[in-house]
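coords_21.csv follows; it contains CSV, C-alpha atoms.
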```
chain,number,residue,atom,x,y,z
A,1,MET,CA,-22.5,-47.4,-30.4
A,2,MET,CA,-21.2,-43.9,-30.9
A,3,LYS,CA,-24.1,-42.5,-28.8
A,4,ARG,CA,-23.1,-44.8,-25.9
A,5,VAL,CA,-19.4,-43.7,-26.2
A,6,THR,CA,-20.4,-40.1,-26.2
A,7,GLN,CA,-22.6,-40.6,-23.1
A,8,THR,CA,-19.7,-42.4,-21.4
A,9,LEU,CA,-17.3,-39.6,-22.2
A,10,THR,CA,-19.8,-37.0,-21.0
A,11,ALA,CA,-20.3,-38.9,-17.8
A,12,ILE,CA,-16.5,-39.1,-17.2
A,13,ALA,CA,-16.1,-35.4,-17.9
A,14,SER,CA,-18.9,-34.6,-15.5
A,15,VAL,CA,-17.3,-36.8,-12.8
A,16,ALA,CA,-13.9,-35.1,-13.4
A,17,ALA,CA,-15.4,-31.7,-13.2
A,18,LEU,CA,-17.3,-32.5,-10.0
A,19,THR,CA,-14.1,-34.0,-8.5
A,20,ALA,CA,-12.2,-30.9,-9.3
A,21,LEU,CA,-14.9,-28.7,-7.8
A,22,LEU,CA,-15.0,-30.8,-4.6
A,23,GLY,CA,-11.2,-30.7,-4.4
A,24,LEU,CA,-11.2,-26.9,-4.8
A,25,THR,CA,-14.0,-26.6,-2.2
A,26,SER,CA,-12.0,-28.9,0.1
A,27,CYS,CA,-8.9,-26.8,-0.4
A,28,HIS,CA,-10.8,-23.6,0.5
A,29,GLU,CA,-12.2,-25.3,3.6
A,30,VAL,CA,-8.7,-26.4,4.7
A,31,ILE,CA,-7.4,-22.8,4.2
A,32,PHE,CA,-10.2,-21.1,6.1
A,33,ASP,CA,-10.3,-23.7,8.8
A,34,THR,CA,-6.6,-23.0,9.4
A,35,ILE,CA,-7.3,-19.3,9.7
A,36,ARG,CA,-10.3,-19.8,12.0
A,37,GLN,CA,-8.3,-22.1,14.3
A,38,GLU,CA,-5.8,-19.3,14.7
A,39,ILE,CA,-8.2,-16.3,15.1
A,40,LYS,CA,-11.9,-15.5,14.6
A,41,LEU,CA,-12.0,-13.4,11.5
A,42,GLU,CA,-13.5,-9.9,11.7
A,43,ASP,CA,-15.9,-8.6,9.1
A,44,ALA,CA,-13.7,-6.6,6.7
A,45,GLN,CA,-14.5,-2.9,6.5
A,46,ILE,CA,-12.4,-2.3,3.5
A,47,THR,CA,-12.6,-4.9,0.7
A,48,GLY,CA,-11.6,-5.1,-2.9
A,49,THR,CA,-8.4,-4.2,-4.7
A,50,ILE,CA,-6.1,-2.0,-2.6
A,51,ASN,CA,-3.0,-0.8,-4.3
A,52,SER,CA,-1.6,1.6,-1.8
A,53,ILE,CA,-1.2,2.5,1.9
A,54,VAL,CA,0.4,5.9,2.4
A,55,ARG,CA,1.5,8.0,5.4
A,56,TYR,CA,0.2,11.5,5.8
A,57,THR,CA,0.6,14.0,8.7
A,58,MET,CA,-2.3,16.1,10.1
A,59,LYS,CA,-2.8,17.9,13.3
A,60,ALA,CA,-5.2,16.4,15.8
A,61,THR,CA,-6.6,17.9,19.0
A,62,GLU,CA,-5.3,16.5,22.2
A,63,THR,CA,-6.9,17.3,25.6
A,64,THR,CA,-4.9,17.3,28.8
A,65,THR,CA,-6.3,17.6,32.3
A,66,THR,CA,-4.0,18.6,35.2
A,67,THR,CA,-5.0,18.5,38.9
A,68,ALA,CA,-3.6,21.1,41.3
A,69,GLU,CA,-2.8,20.4,45.0
A,70,ASP,CA,-6.1,21.8,46.0
A,71,GLY,CA,-7.9,19.4,43.7
A,72,THR,CA,-8.7,22.0,41.1
A,73,GLU,CA,-8.7,20.5,37.6
A,74,THR,CA,-7.5,22.4,34.5
A,75,THR,CA,-8.2,21.2,31.0
A,76,SER,CA,-6.2,22.4,28.0
A,77,THR,CA,-6.2,21.5,24.3
A,78,THR,CA,-3.4,21.5,21.8
A,79,ASN,CA,-3.1,20.7,18.1
A,80,THR,CA,-0.4,18.1,17.8
A,81,ASN,CA,1.0,16.4,14.7
A,82,HIS,CA,-0.5,12.9,14.3
A,83,GLU,CA,0.5,10.3,11.7
A,84,PHE,CA,-2.4,9.0,9.6
A,85,LEU,CA,-2.6,6.2,7.0
A,86,PHE,CA,-4.7,6.5,3.8
A,87,CYS,CA,-5.6,3.7,1.5
A,88,GLN,CA,-8.0,3.2,-1.5
A,89,ASN,CA,-10.3,0.5,-2.8
A,90,GLY,CA,-12.0,2.8,-5.3
A,91,ASN,CA,-12.9,4.9,-2.4
A,92,ILE,CA,-10.5,6.7,0.0
A,93,TRP,CA,-10.2,5.7,3.6
A,94,TYR,CA,-8.0,7.0,6.5
A,95,ARG,CA,-7.2,6.3,10.2
A,96,ASP,CA,-5.1,7.8,13.0
A,97,VAL,CA,-2.4,5.2,13.7
A,98,GLN,CA,-1.8,6.6,17.2
A,99,THR,CA,-5.2,5.7,18.5
A,100,ALA,CA,-6.9,2.5,19.6
A,101,SER,CA,-4.4,0.1,18.0
A,102,THR,CA,-2.4,-1.2,20.9
A,103,THR,CA,-4.3,-0.3,24.0
A,104,THR,CA,-7.8,-1.7,23.4
A,105,SER,CA,-9.3,-5.0,22.6
A,106,HIS,CA,-11.2,-3.7,19.5
A,107,TYR,CA,-9.2,-3.1,16.4
A,108,SER,CA,-11.3,-3.3,13.2
A,109,GLU,CA,-13.7,-0.8,11.7
A,110,GLN,CA,-11.6,2.2,12.8
A,111,TRP,CA,-11.2,3.6,9.3
A,112,SER,CA,-13.2,6.5,8.0
A,113,ARG,CA,-14.2,7.2,4.4
A,114,ILE,CA,-13.6,10.7,3.1
A,115,LYS,CA,-14.8,12.8,0.2
A,116,GLN,CA,-13.0,12.0,-3.1
A,117,PRO,CA,-12.8,13.1,-6.7
A,118,ASP,CA,-15.8,12.0,-8.8
A,119,SER,CA,-13.9,8.9,-10.0
A,120,ASN,CA,-12.8,5.5,-9.0
A,121,ILE,CA,-9.5,5.9,-7.2
A,122,ILE,CA,-6.9,3.4,-8.1
A,123,LYS,CA,-3.8,4.6,-6.3
A,124,LEU,CA,-2.6,7.2,-3.7
A,125,ALA,CA,0.6,9.0,-2.9
A,126,ALA,CA,1.6,11.7,-0.4
A,127,ASP,CA,4.4,14.1,0.3
A,128,SER,CA,5.1,16.4,3.3
A,129,GLU,CA,2.1,18.6,2.5
A,130,TYR,CA,-0.3,17.0,0.0
A,131,LEU,CA,-2.3,13.9,-0.7
A,132,TYR,CA,-2.5,12.6,-4.3
A,133,ALA,CA,-5.1,10.4,-6.0
A,134,LEU,CA,-4.8,8.7,-9.4
A,135,ALA,CA,-8.3,8.5,-10.7
A,136,ALA,CA,-9.5,5.9,-13.2
A,137,PRO,CA,-11.3,7.2,-16.3
A,138,THR,CA,-14.9,8.2,-16.2
A,139,TYR,CA,-17.3,7.5,-19.0
A,140,ALA,CA,-20.2,9.4,-20.6
A,141,ASP,CA,-22.9,8.3,-22.9
A,142,ASN,CA,-22.6,9.3,-26.5
A,143,GLU,CA,-26.1,10.5,-27.3
A,144,ASP,CA,-25.7,9.7,-31.0
A,145,THR,CA,-24.3,6.2,-30.8
A,146,GLY,CA,-25.2,5.1,-27.3
A,147,ASP,CA,-21.6,4.1,-26.6
A,148,ASN,CA,-19.6,5.0,-23.5
A,149,ILE,CA,-16.9,7.5,-24.2
A,150,GLU,CA,-13.8,7.5,-22.0
A,151,SER,CA,-13.0,10.9,-20.5
A,152,GLY,CA,-9.4,10.0,-19.5
A,153,ARG,CA,-7.4,9.8,-16.3
A,154,SER,CA,-6.5,12.6,-13.9
A,155,ILE,CA,-4.3,13.0,-10.9
A,156,TYR,CA,-5.8,15.1,-8.0
A,157,TYR,CA,-4.2,16.7,-5.0
A,158,ALA,CA,-5.5,18.0,-1.7
A,159,LYS,CA,-4.1,19.6,1.4
A,160,VAL,CA,-5.5,19.0,4.9
A,161,GLU,CA,-3.6,20.6,7.9
A,162,LYS,CA,-6.0,19.5,10.6
A,163,VAL,CA,-8.0,16.3,10.8
A,164,ALA,CA,-11.0,18.3,12.1
A,165,ASP,CA,-11.1,19.8,8.6
A,166,ILE,CA,-11.0,16.6,6.6
A,167,SER,CA,-14.7,16.5,5.9
A,168,ALA,CA,-14.2,19.7,3.9
A,169,ILE,CA,-11.3,18.3,1.9
A,170,GLU,CA,-11.1,19.8,-1.6
A,171,TRP,CA,-9.6,17.9,-4.5
A,172,LYS,CA,-8.2,19.7,-7.5
A,173,ALA,CA,-6.7,18.3,-10.7
A,174,ILE,CA,-2.9,18.7,-11.2
A,175,GLU,CA,-1.7,20.3,-14.5
A,176,PHE,CA,0.9,18.4,-16.5
A,177,ASP,CA,2.3,20.8,-19.1
A,178,GLY,CA,-1.1,22.6,-19.1
A,179,VAL,CA,-3.2,19.4,-19.3
A,180,THR,CA,-5.2,17.9,-16.5
A,181,THR,CA,-6.7,14.8,-18.3
A,182,PHE,CA,-4.8,12.2,-20.3
A,183,SER,CA,-5.8,9.1,-22.2
A,184,THR,CA,-5.5,5.6,-20.8
A,185,SER,CA,-3.5,4.7,-23.9
A,186,VAL,CA,-0.7,6.5,-22.1
A,187,THR,CA,0.8,4.8,-19.0
A,188,SER,CA,0.2,6.8,-15.9
A,189,VAL,CA,1.6,6.0,-12.4
A,190,ILE,CA,2.0,7.8,-9.1
A,191,PHE,CA,4.5,6.8,-6.4
A,192,CYS,CA,6.2,8.3,-3.3
A,193,THR,CA,9.0,7.8,-0.9
A,194,ASN,CA,6.4,7.2,1.9
A,195,THR,CA,8.9,7.7,4.7
A,196,PRO,CA,8.2,7.7,8.5
A,197,ASN,CA,9.8,11.2,8.6
A,198,LYS,CA,7.3,13.7,7.2
A,199,ASN,CA,10.1,15.9,5.9
A,200,ASN,CA,11.5,13.2,3.7
A,201,ARG,CA,8.3,12.5,1.8
A,202,ARG,CA,8.3,13.3,-1.9
A,203,ALA,CA,5.7,12.3,-4.5
A,204,PHE,CA,6.1,11.7,-8.3
A,205,ALA,CA,4.1,10.8,-11.4
A,206,ARG,CA,5.0,9.3,-14.7
A,207,ILE,CA,2.9,10.1,-17.7
A,208,GLY,CA,4.1,8.0,-20.6
A,209,SER,CA,7.8,8.4,-20.6
A,210,VAL,CA,7.9,11.9,-18.8
A,211,VAL,CA,8.6,11.9,-15.1
A,212,TYR,CA,7.3,14.7,-12.8
A,213,GLU,CA,7.7,15.7,-9.2
A,214,LEU,CA,4.3,16.7,-7.8
A,215,ASN,CA,4.0,20.2,-6.3
A,216,LYS,CA,7.7,20.7,-6.2
A,217,ASP,CA,7.1,24.4,-6.9
A,218,LYS,CA,5.4,25.4,-3.6
A,219,GLU,CA,4.7,28.9,-5.0
A,220,ASN,CA,2.6,27.4,-7.8
A,221,GLU,CA,0.3,24.8,-6.1
A,222,GLY,CA,-1.3,22.2,-8.4
A,223,THR,CA,1.6,22.0,-10.8
A,224,ALA,CA,3.9,19.2,-11.8
A,225,THR,CA,7.6,19.8,-12.5
A,226,SER,CA,9.2,17.5,-15.2
A,227,ILE,CA,12.5,16.1,-14.2
A,228,GLY,CA,15.2,14.7,-16.4
A,229,THR,CA,15.5,10.9,-17.1
A,230,GLY,CA,18.5,8.7,-17.7
A,231,GLU,CA,19.4,5.3,-19.0
A,232,THR,CA,20.7,3.7,-15.7
A,233,ASP,CA,18.1,2.3,-13.4
A,234,HIS,CA,18.1,2.5,-9.6
A,235,THR,CA,20.0,5.8,-9.3
A,236,THR,CA,19.1,9.3,-8.3
A,237,THR,CA,18.0,10.0,-11.9
A,238,PRO,CA,14.8,8.2,-12.9
A,239,THR,CA,14.4,6.2,-16.1
A,240,THR,CA,11.4,6.4,-18.4
A,241,GLY,CA,10.0,3.3,-16.8
A,242,VAL,CA,10.2,4.4,-13.2
A,243,ARG,CA,7.5,3.4,-10.8
A,244,SER,CA,9.0,3.5,-7.2
A,245,ALA,CA,11.3,5.7,-5.1
A,246,ALA,CA,13.1,5.8,-1.8
A,247,TYR,CA,14.9,8.5,0.2
A,248,LEU,CA,18.5,8.1,1.5
A,249,ASN,CA,20.9,10.7,2.9
A,250,GLY,CA,19.3,13.7,1.2
A,251,ASP,CA,18.7,12.0,-2.2
A,252,VAL,CA,15.8,10.3,-3.8
A,253,TYR,CA,16.6,7.0,-5.6
A,254,PHE,CA,14.3,5.7,-8.4
A,255,SER,CA,13.5,2.2,-9.6
A,256,SER,CA,11.6,0.7,-12.4
A,257,GLY,CA,10.7,-2.1,-10.0
A,258,TYR,CA,7.4,-2.2,-8.2
A,259,ALA,CA,8.9,-1.7,-4.8
A,260,MET,CA,11.5,0.4,-3.1
A,261,THR,CA,11.9,1.3,0.6
A,262,SER,CA,14.5,2.2,3.2
A,263,ASN,CA,15.3,1.4,6.8
A,264,GLU,CA,14.3,4.8,8.0
A,265,THR,CA,12.4,4.8,11.2
A,266,THR,CA,10.4,7.3,13.2
A,267,THR,CA,13.5,8.1,15.2
A,268,ASP,CA,16.5,7.6,12.8
A,269,GLU,CA,17.4,8.5,9.2
A,270,ALA,CA,17.9,5.7,6.7
A,271,THR,CA,21.3,4.0,6.3
A,272,TYR,CA,20.1,1.4,3.7
A,273,ILE,CA,17.7,1.3,0.8
A,274,TYR,CA,16.2,-1.7,-0.9
A,275,TYR,CA,14.7,-2.4,-4.3
A,276,ASN,CA,13.5,-5.4,-6.4
A,277,SER,CA,14.0,-6.5,-9.9
A,278,GLY,CA,11.3,-9.1,-10.5
A,279,ASP,CA,11.9,-11.5,-7.7
A,280,ASP,CA,15.4,-10.4,-6.9
A,281,LEU,CA,16.2,-8.3,-3.9
A,282,TYR,CA,19.0,-5.7,-3.7
A,283,TYR,CA,20.3,-3.3,-1.1
A,284,ARG,CA,22.9,-0.5,-0.7
A,285,THR,CA,24.1,2.4,1.5
A,286,ALA,CA,24.8,5.9,0.4
A,287,ALA,CA,28.5,5.1,0.2
A,288,THR,CA,28.3,1.7,-1.6
A,289,ASP,CA,26.9,0.3,-4.8
A,290,TRP,CA,24.0,-2.1,-5.1
A,291,VAL,CA,24.4,-5.6,-3.7
A,292,GLU,CA,22.2,-8.5,-4.6
A,293,ALA,CA,20.8,-10.1,-1.4
A,294,GLY,CA,19.2,-13.1,-3.2
A,295,ASP,CA,16.0,-14.4,-4.7
A,296,PRO,CA,13.2,-14.8,-2.2
A,297,GLY,CA,11.3,-16.6,-4.9
A,298,ASP,CA,8.3,-14.4,-5.8
A,299,VAL,CA,7.7,-11.2,-7.8
A,300,ILE,CA,7.8,-8.4,-5.2
A,301,TYR,CA,5.1,-5.7,-5.3
A,302,ALA,CA,5.7,-4.0,-1.9
A,303,MET,CA,8.2,-3.7,1.0
A,304,ALA,CA,8.2,-2.6,4.6
A,305,TYR,CA,11.0,-2.5,7.1
A,306,THR,CA,11.3,-3.6,10.7
A,307,ASN,CA,14.4,-3.8,12.8
A,308,ASP,CA,14.6,-7.6,12.4
A,309,TYR,CA,12.7,-8.4,9.2
A,310,LEU,CA,12.0,-6.9,5.8
A,311,LEU,CA,8.4,-7.7,4.8
A,312,LEU,CA,7.8,-8.4,1.2
A,313,GLY,CA,4.4,-8.3,-0.5
A,314,THR,CA,4.5,-10.6,-3.5
A,315,ASP,CA,2.4,-12.3,-6.2
A,316,ASP,CA,2.4,-15.3,-3.9
A,317,GLY,CA,1.4,-13.8,-0.6
A,318,LEU,CA,3.4,-12.1,2.2
A,319,ILE,CA,7.0,-13.3,2.9
A,320,HIS,CA,9.8,-11.9,5.0
A,321,VAL,CA,13.6,-12.1,5.1
A,322,LYS,CA,15.8,-11.6,8.1
A,323,VAL,CA,17.6,-8.3,8.5
A,324,THR,CA,20.9,-8.0,10.3
A,325,GLU,CA,22.2,-4.4,10.8
A,326,GLY,CA,20.3,-3.3,7.7
A,327,VAL,CA,21.5,-6.2,5.5
A,328,PRO,CA,18.7,-8.5,4.3
A,329,ALA,CA,19.1,-12.3,4.0
A,330,GLY,CA,18.9,-13.9,0.6
A,331,SER,CA,16.1,-16.4,1.6
A,332,THR,CA,12.9,-16.3,3.4
A,333,SER,CA,12.1,-17.7,6.9
A,334,ASP,CA,8.9,-18.8,8.7
A,335,PHE,CA,6.6,-16.3,10.5
A,336,ASP,CA,6.0,-16.2,14.2
A,337,THR,CA,2.5,-14.9,13.5
A,338,ASN,CA,-0.4,-16.1,11.4
A,339,ALA,CA,0.7,-14.0,8.4
A,340,GLU,CA,1.3,-17.1,6.3
A,341,SER,CA,-2.3,-18.3,6.5
A,342,THR,CA,-4.0,-14.8,6.2
A,343,LEU,CA,-1.9,-12.8,3.7
A,344,SER,CA,-1.3,-16.2,2.1
A,345,SER,CA,0.0,-17.5,-1.2
A,346,TYR,CA,-3.5,-17.6,-2.6
A,347,TYR,CA,-3.4,-13.8,-2.9
A,348,GLN,CA,-1.3,-11.0,-4.3
A,349,VAL,CA,0.0,-8.6,-1.6
A,350,ARG,CA,0.1,-5.2,-3.3
A,351,ALA,CA,0.7,-3.0,-0.3
A,352,ILE,CA,2.4,-3.5,3.1
A,353,ILE,CA,3.4,-0.9,5.7
A,354,THR,CA,4.7,-0.9,9.3
A,355,VAL,CA,3.8,1.9,11.8
A,356,ASN,CA,7.0,1.8,13.9
A,357,PRO,CA,9.7,0.3,11.8
A,358,GLU,CA,12.3,0.8,14.6
A,359,ASN,CA,10.5,-2.1,16.4
A,360,ALA,CA,10.7,-5.8,15.8
A,361,GLU,CA,8.2,-7.2,13.4
A,362,THR,CA,6.0,-8.6,16.2
A,363,GLU,CA,6.2,-5.3,18.1
A,364,THR,CA,4.8,-2.9,15.6
A,365,ALA,CA,1.4,-2.4,14.1
A,366,ALA,CA,1.3,-3.2,10.4
A,367,TYR,CA,-1.2,-3.2,7.6
A,368,GLY,CA,-1.2,-5.3,4.4
A,369,THR,CA,-3.6,-6.0,1.5
A,370,THR,CA,-4.7,-9.2,-0.3
A,371,SER,CA,-6.0,-9.1,-3.9
A,372,PHE,CA,-7.8,-12.0,-5.4
A,373,SER,CA,-5.5,-14.0,-7.8
A,374,GLY,CA,-6.4,-17.0,-9.8
A,375,THR,CA,-9.0,-19.6,-8.5
A,376,SER,CA,-7.6,-20.6,-5.2
A,377,GLY,CA,-8.5,-17.4,-3.1
A,378,SER,CA,-11.7,-15.9,-2.1
A,379,PHE,CA,-13.1,-12.5,-3.0
A,380,SER,CA,-14.4,-12.2,0.6
A,381,ASN,CA,-10.9,-12.2,1.9
A,382,SER,CA,-9.6,-9.7,-0.6
A,383,CYS,CA,-9.3,-6.9,1.8
A,384,LEU,CA,-7.2,-4.8,4.2
A,385,TRP,CA,-5.5,-6.7,7.0
A,386,GLY,CA,-4.1,-5.4,10.3
A,387,TYR,CA,-1.6,-6.7,12.8
A,388,TYR,CA,-1.3,-5.3,16.4
A,389,PRO,CA,1.2,-6.3,19.0
A,390,LYS,CA,-1.4,-6.5,21.8
A,391,ARG,CA,-3.4,-9.0,19.7
A,392,GLY,CA,-0.5,-10.8,18.2
A,393,LYS,CA,-2.4,-11.9,15.1
A,394,TRP,CA,-3.3,-10.6,11.6
A,395,ASN,CA,-7.0,-10.0,11.0
A,396,CYS,CA,-9.3,-8.3,8.6
A,397,GLU,CA,-9.6,-4.5,9.1
```
Here is a file; write its structure as structure tokens.
Amino acid sequence: MMKRVTQTLTAIASVAALTALLGLTSCHEVIFDTIRQEIKLEDAQITGTINSIVRYTMKATETTTTTAEDGTETTSTTNTNHEFLFCQNGNIWYRDVQTASTTTSHYSEQWSRIKQPDSNIIKLAADSEYLYALAAPTYADNEDTGDNIESGRSIYYAKVEKVADISAIEWKAIEFDGVTTFSTSVTSVIFCTNTPNKNNRRAFARIGSVVYELNKDKENEGTATSIGTGETDHTTTPTTGVRSAAYLNGDVYFSSGYAMTSNETTTDEATYIYYNSGDDLYYRTAATDWVEAGDPGDVIYAMAYTNDYLLLGTDDGLIHVKVTEGVPAGSTSDFDTNAESTLSSYYQVRAIITVNPENAETETAAYGTTSFSGTSGSFSNSCLWGYYPKRGKWNCE
């Protein structure tokens, strides 16, 4: 009798497991059918966990041809500042945001991989002159025990003035009080203001409870300058738990929240900055104190401004709130694009950036990331995504 009961229970469990699996498969099929109906998915060039997308300025060669009245053509070349984006997925990738994004029918596979430190890169930052890379620990075999020994983490920097020289990029470790390697038992983060205006870009690191500005001393390249900390969060003095920053009216504001940004554009200085505390959104001007906009409903990891919406990367996909003269709404609204089904609630969105934040959301190129979370998403769609006004849809990069 007991054997028959056991067999029956086993059969019921098997049916339940099969039903759950079929339900999950059906759920995935519905999700991806929705995406495919909206747009044919590109093969993603950059996949995996992407924690950062940062702006960096380099000079690029531009060629101009002029034709005289007699038909004679004259060609000249100039080195002009171009804005580039860099991201990481263990490796480091970059692209020129001023080429091939809004004038052609081909968008994906326009990122190039560059030489990097001999480590897995887990986050990037940048200021007006330098790129920074937080490298995961490397391991070496212990010849006596056969165990892997952790060598610790390091933060590297590099300077590239012209994109033509990027193949020769040289990474060097930054010194923190004379030390270039630190244990993973100590918290280490890097973050930056990531402003559209190159001159407002600043980069920082926190090692344990000590906060540093990277390469603040331009006469001593490769150094980190410790800065004082305070007890009050979201001010121009960082706390010992700081992990994000924003630039406003000549000052850098710091936050222990994951995300902070401003309404600075490529043409105008910022008049508002924004930060999150968990899933709560706040804003302020240089002359006012912080105001709580509301609770969009999800833990916020990243923010990006446009002149009509504030994009929020969360642990439940990409959402946005309406912005009116710099002031964000307290609740979310529906997208006019396919963002909801691509950077969807089945993924964490750890990074989001807009190329021309002075434009409306649907009129600026934008990039976002999806990281696999839980059991509902797909590793194949954990990747970098891009939106282009000419295409009008989000798709894999």
Surrounding residues of A:Val252 excluding itself and chain neighbours under 4 positions, 9 Å, only C-alpha atoms, as an NGL selection string
:A and (193 or 202 or 235-237 or 245-248)
Of A:Asp308, A:Glu170, A:Glu264, A:Asp177, the one nearest to A:Gln116 when counting all atoms listed in the file is A:Glu170
Determine, counting all atoms listed in the file, every residue of protein, DNA or RNA that lies within 8 Å of (-8.7, 16.2, 12.6) in the file coordinates, then give the result as a PyMOL selection string.
chain A and resi 58-61+162-166
Using only C-alpha atoms, please write the residues we just selected to a file, as a tab-separated table (two decimals), keeping the file's coordinate frame.
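The result, stored in again01.tsv:
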```tsv
chain	number	residue	atom	x	y	z
A	58	MET	CA	-2.30	16.10	10.10
A	59	LYS	CA	-2.80	17.90	13.30
A	60	ALA	CA	-5.20	16.40	15.80
A	61	THR	CA	-6.60	17.90	19.00
A	162	LYS	CA	-6.00	19.50	10.60
A	163	VAL	CA	-8.00	16.30	10.80
A	164	ALA	CA	-11.00	18.30	12.10
A	165	ASP	CA	-11.10	19.80	8.60
A	166	ILE	CA	-11.00	16.60	6.60
```
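The space between atom CA of A:Glu340 and atom CA of A:Met260 spans 22.3 Å.
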Using all atoms listed in the file, which of A:Asn91, A:Leu311, A:Asp289, A:Gly392 sits nearest A:Thr337?
A:Gly392
Counting only C-alpha atoms, find the residues whose atoms lie at most 8 Å from (-6.8, -4.9, -4.7) (file coordinates) and write them out as a PyMOL selection string.
chain A and resi 47-51+89+350+369-372+382-383
Give me, as a PyMOL selection string, all polymer residues having an atom no more than 12 Å from A:Ala125, counting all atoms listed in the file and skipping those fewer than 4 positions away in the same chain.
chain A and resi 51-56+85-88+92+121+129-135+155-158+189-195+201-205+213-214+243-245
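Taking atom CA of A:Phe176 and atom CA of A:Gly152 as the two end points, the separation is 13.6 Å.
You can rank A:Thr285, A:Gly386, A:Asp127, A:Ser262 by their closest distance to A:Thr306 using all atoms listed in the file, and at the top of that list sits A:Ser262.
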Would you compute the distance between atom CA of A:Ser277 and atom CA of A:Gly257? Give it in Å to one decimal.
5.5 Å
So, with all atoms listed in the file as the atoms that count, which of A:Leu310, A:Thr332, A:Asp315, A:Glu73 lies closest to A:Pro296?
A:Thr332
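Contact shell of A:Glu358 at 12 Å (all atoms listed in the file; same-chain neighbours under 5 positions omitted): Pro196, Ser262, Asn263, Glu264, Thr265, Thr266, Thr267, Asp268, Glu269, Ala270, Ala304, Tyr305, Thr306, Asn307, Asp308, Tyr309, Leu310, Glu325, Gly326, Glu363, Thr364 and Ala365 of chain A.
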